[in-house]
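Note sheet for the following structure.
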Amino acid sequence: MKTVSTLFDLRTARLSFNGTVGLVPTMGYLHEGHLSLIRQAKAECEHVFVSIFVNPTQFGANEDLSKYPRDLERDLSLIEPLGVDVVWNPTPEIMYPAGYQTWVEVDALTHPLEGAIRAGHFKGVTTVVAKLFNAVQPHKAYFGQKDAQQAAVIRQMVRDLNFPLEVVVCPIIREADGLAMSSRNKYLEGADRAAAVVLSRALNAAKKEYEGGERSAEALRRKMKEVIEAEPRAQLQYVSCADYDSLEELEVVKGKTLLSMAVILGKTRLIDNFVLG
Ligand code: PAF
């Protein structure tokens, strides 16, 4: 496994491979969710690149950029046994040199849900992902379903800008109690960690109603809200029952539907989702 930082070294490494290349973009502090993306890339592509870059432009001014968990050595030791060919770990100066002024923005899909709360977040995500795609030129790129809106936004960008690659979205990996894996789970302490199970519990409660025949989107949103509000430590930001592709809130559930939510526990903001249909 080769670890590179500069664009020159990345391109030199990329040029040495002729077969299909899979890219797994990450911000590091890897967990089983990331490793599942790498394993799927490995199963589907001849060569696998992993990028590790905590992208400053997708963090808001009051977000956790400076304390976002980082541990490159640990990440490399987790990736090495999986047969990854190249790890790209650029610096912020490589990705955004002095005078940088070009941005990639997806429109309507970035307005609701996370976009309504985290202003500028998706502009940072799509810009860095476009730069990663341009540099690595992968045939397939792998993202987690946990960031469902991010996956939808990236699919849209790939379609709109004609990136010649396939976006592969892999299932959420959960802890034994149902908590969706995330690098930010590290921030959860004591009682907040125990209470964090409320997100998957709320999704499961809505799913059960759906399986029992409920098709009113408002009833499903109400159910999720009710479960979250019964947990005194949880501060609800939003619950949503939206069309899977457009992310528009539904009145009646039909076809592929995204149940999603954002909840604050102590100092940690968590998101989770479930796809119906
Ligand atoms: O999902 C993430 O870890 C990040 O948003 C991504 C896609 C690596 C872009 O920085």
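Labels for the structure tokens follow display order: chains A, B, ..., residues from 1 in each chain, ligands from 1.
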Where does chain A meet ligand 1 within 8 Å, residue by residue, with the nearest atom pair and distance in Å to one decimal for each, counting only C-alpha atoms and all ligand atoms, listed by chain and rising number, as CSV?
residue,atom,partner,partner_atom_place_in_ligand_line,distance
A:Val24,CA,ligand 1,8 (C),7.9
A:Pro25,CA,ligand 1,8 (C),4.4
A:Thr26,CA,ligand 1,8 (C),3.8
A:Met27,CA,ligand 1,3 (O),4.7
A:Gly28,CA,ligand 1,3 (O),7.5
A:Ser51,CA,ligand 1,8 (C),7.6
A:Ile52,CA,ligand 1,8 (C),7.4
A:Phe53,CA,ligand 1,10 (O),6.7
A:Val54,CA,ligand 1,10 (O),6.4
A:Asn55,CA,ligand 1,10 (O),5.1
A:Gln58,CA,ligand 1,10 (O),7.1
A:Gly124,CA,ligand 1,10 (O),7.6
A:Val125,CA,ligand 1,9 (C),5.0
A:Thr126,CA,ligand 1,9 (C),7.5
A:Val128,CA,ligand 1,10 (O),6.1
A:Val129,CA,ligand 1,9 (C),5.7
A:Phe143,CA,ligand 1,7 (C),6.9
A:Gly144,CA,ligand 1,1 (O),7.3
A:Asp147,CA,ligand 1,1 (O),6.7
A:Gln150,CA,ligand 1,5 (O),7.2
Closest atom pairs, stretch 16-92 of chain A residues within 10 Å of stretch 9-12 of chain A, only C-alpha atoms, as a tab-separated table:
residue	atom	partner	partner_atom	distance
A:Ser16	CA	A:Thr12	CA	6.6
A:Phe17	CA	A:Thr12	CA	9.5
A:Phe49	CA	A:Leu10	CA	9.8
A:Val86	CA	A:Leu10	CA	8.3
A:Val87	CA	A:Leu10	CA	8.8
A:Trp88	CA	A:Leu10	CA	6.8
A:Asn89	CA	A:Leu10	CA	9.4
A:Pro90	CA	A:Leu10	CA	9.3
Deliver the residues from the most recent selection as a file, using N, CA, C and O atoms, as an mmCIF file, in the first residue's frame.
data_model
loop_
_atom_site.group_PDB
_atom_site.id
_atom_site.type_symbol
_atom_site.label_atom_id
_atom_site.label_comp_id
_atom_site.auth_asym_id
_atom_site.auth_seq_id
_atom_site.Cartn_x
_atom_site.Cartn_y
_atom_site.Cartn_z
ATOM 1 N N SER A 16 -0.002 4.435 -12.898
ATOM 2 C CA SER A 16 0.601 3.097 -12.916
ATOM 3 C C SER A 16 -0.468 1.992 -12.964
ATOM 4 O O SER A 16 -0.140 0.817 -13.034
ATOM 5 N N PHE A 17 -1.760 2.369 -12.886
ATOM 6 C CA PHE A 17 -2.826 1.355 -12.922
ATOM 7 C C PHE A 17 -3.652 1.480 -14.205
ATOM 8 O O PHE A 17 -4.127 2.567 -14.530
ATOM 9 N N PHE A 49 -8.428 3.126 -4.255
ATOM 10 C CA PHE A 49 -7.817 4.315 -3.670
ATOM 11 C C PHE A 49 -8.704 4.763 -2.514
ATOM 12 O O PHE A 49 -9.934 4.758 -2.631
ATOM 13 N N VAL A 86 -3.695 2.580 -2.877
ATOM 14 C CA VAL A 86 -3.147 3.918 -2.629
ATOM 15 C C VAL A 86 -4.016 4.656 -1.612
ATOM 16 O O VAL A 86 -5.251 4.668 -1.728
ATOM 17 N N VAL A 87 -3.363 5.268 -0.617
ATOM 18 C CA VAL A 87 -4.059 6.183 0.297
ATOM 19 C C VAL A 87 -3.576 7.586 -0.043
ATOM 20 O O VAL A 87 -2.367 7.840 -0.086
ATOM 21 N N TRP A 88 -4.528 8.470 -0.317
ATOM 22 C CA TRP A 88 -4.175 9.862 -0.625
ATOM 23 C C TRP A 88 -4.563 10.724 0.571
ATOM 24 O O TRP A 88 -5.735 10.771 0.945
ATOM 25 N N ASN A 89 -3.558 11.376 1.144
ATOM 26 C CA ASN A 89 -3.764 12.186 2.341
ATOM 27 C C ASN A 89 -3.207 13.601 2.075
ATOM 28 O O ASN A 89 -2.128 13.958 2.529
ATOM 29 N N PRO A 90 -3.964 14.401 1.301
ATOM 30 C CA PRO A 90 -3.458 15.736 0.961
ATOM 31 C C PRO A 90 -3.588 16.705 2.133
ATOM 32 O O PRO A 90 -4.368 16.459 3.057
#
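Distance check against A:Ser182 using only C-alpha atoms: of A:Met1, A:Leu23, A:Ala116, A:Leu270, the minimum falls on A:Leu270.
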Per residue of stretch 227-271 of chain A within 10 Å of stretch 152-169 of chain A, what are the shortest atom pair and its distance in Å to one decimal, counting only C-alpha atoms, with rows by chain and residue number, as a Markdown table?
| residue | atom | partner | partner_atom | distance |
| --- | --- | --- | --- | --- |
| A:Tyr244 | CA | A:Ala152 | CA | 8.3 |
| A:Asp245 | CA | A:Ala152 | CA | 6.9 |
| A:Ser246 | CA | A:Ala152 | CA | 8.4 |
| A:Leu247 | CA | A:Ala152 | CA | 8.6 |
For the residues selected in the previous step, produce a file with N, CA, C and O atoms as a PDB file, in the first residue's frame.
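Writing the result to out-v8.pdb gives the following:
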ATOM      1  N   TYR A 244     -37.351   9.723  -1.916  1.00  0.00           N
ATOM      2  CA  TYR A 244     -35.941   9.304  -1.879  1.00  0.00           C
ATOM      3  C   TYR A 244     -35.064  10.090  -2.857  1.00  0.00           C
ATOM      4  O   TYR A 244     -33.920  10.407  -2.554  1.00  0.00           O
ATOM      5  N   ASP A 245     -35.601  10.409  -4.031  1.00  0.00           N
ATOM      6  CA  ASP A 245     -34.775  11.073  -5.043  1.00  0.00           C
ATOM      7  C   ASP A 245     -34.800  12.591  -4.942  1.00  0.00           C
ATOM      8  O   ASP A 245     -33.761  13.240  -4.990  1.00  0.00           O
ATOM      9  N   SER A 246     -36.008  13.173  -4.759  1.00  0.00           N
ATOM     10  CA  SER A 246     -36.100  14.647  -4.763  1.00  0.00           C
ATOM     11  C   SER A 246     -35.889  15.237  -3.375  1.00  0.00           C
ATOM     12  O   SER A 246     -35.634  16.421  -3.224  1.00  0.00           O
ATOM     13  N   LEU A 247     -36.033  14.411  -2.340  1.00  0.00           N
ATOM     14  CA  LEU A 247     -35.954  14.831  -0.922  1.00  0.00           C
ATOM     15  C   LEU A 247     -37.072  15.812  -0.548  1.00  0.00           C
ATOM     16  O   LEU A 247     -36.976  16.506   0.457  1.00  0.00           O
TER      17      LEU A 247
END
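Across A:Gly33, A:Glu93, A:Ala262, A:Ala206, the tightest approach to A:Gly115 is made by A:Ala262 when counting only C-alpha atoms.
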- request: Would you please give, as a ChimeraX atom specification, all residues of stretch 110-263 of chain A that DSSP assigns to helix (DSSP H, G or I) based on the backbone?
  value: /A:110,114-117,121-136,148-160,183-187,190-195,198-211,217-229
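With only C-alpha atoms as the basis for measurement, A:Pro69 is the residue among A:Pro138, A:Pro81, A:Gly60, A:Pro69 that approaches A:Ser183 most closely.
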- request: Name the residues of stretch 58-215 of chain A that fall into strand (DSSP E) according to DSSP on the backbone, using the chain letters and numbers of this document, as a list in words.
  value: Val86, Val87, Trp88, Lys140, Ala141, Tyr142, Phe143, Gly144, Glu166, Val167, Val168, Val169 and Cys170 of chain A
message: At a cut-off of 12 Å, using only C-alpha atoms, what residues contact A:Ala230? Leave out same-chain residues fewer than 5 positions from it and give the result as a VMD selection string.
response: chain A and resid 195 198 to 199 201 to 202 223 to 225 235 to 236
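Of the listed residues (A:Gly212, A:Ile94, A:Asn204, A:Lys186), A:Ile94 comes nearest to A:Ala135; the distances count only C-alpha atoms.
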For A:Ala43: contacts at 12 Å, only C-alpha atoms, fewer than 6 positions along chain excluded, given as a PyMOL selection string: chain A and resi 20-22+36-37+82-84+140+142
Give me a file of those residues, with C-alpha atoms, as an mmCIF file, in the first residue's frame.
data_model
loop_
_atom_site.group_PDB
_atom_site.id
_atom_site.type_symbol
_atom_site.label_atom_id
_atom_site.label_comp_id
_atom_site.auth_asym_id
_atom_site.auth_seq_id
_atom_site.Cartn_x
_atom_site.Cartn_y
_atom_site.Cartn_z
ATOM 1 C CA THR A 20 -10.780 -0.336 -12.932
ATOM 2 C CA VAL A 21 -10.238 1.998 -9.994
ATOM 3 C CA GLY A 22 -12.587 2.405 -7.030
ATOM 4 C CA SER A 36 -17.329 -1.864 4.560
ATOM 5 C CA LEU A 37 -17.057 0.688 1.706
ATOM 6 C CA LEU A 82 -7.810 -4.720 3.234
ATOM 7 C CA GLY A 83 -5.534 -4.648 0.187
ATOM 8 C CA VAL A 84 -5.911 -0.949 -0.666
ATOM 9 C CA LYS A 140 -16.600 3.862 -9.192
ATOM 10 C CA TYR A 142 -18.232 4.619 -2.739
#
message: If we count only C-alpha atoms and set the cut-off at 8 Å, which residues sit around A:Met181, ignoring sequence neighbours fewer than 6 positions away in its own chain? Please answer as number ranges by chain.
response: A: 31-33, 172-175
- line: atom CA of A:Ala148 sits from atom CA of A:Glu46 at a separation of 26.7 Å
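Considering the residues A:Gln237, A:Leu220, A:Glu229, A:Gln145 and counting only C-alpha atoms, A:Glu251 has its shortest atom-to-atom contact with A:Leu220.
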task: Can you pull out every residue within 9 Å of A:Ser216, counting only C-alpha atoms, but drop anything in the same chain fewer than 5 positions away, and send it as a count of residues only?
output: 6
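In this comparison, which uses only C-alpha atoms, the residue of A:Ser260, A:Thr3, A:Thr268, A:Asn18 approaching A:His139 most closely is A:Asn18.
For the pair atom CA of A:Val197 and atom CA of A:Leu179, the interatomic distance is 5.3 Å.
What separates atom CA of A:Gly277 from atom CA of A:Leu203 is a distance of 14.1 Å.
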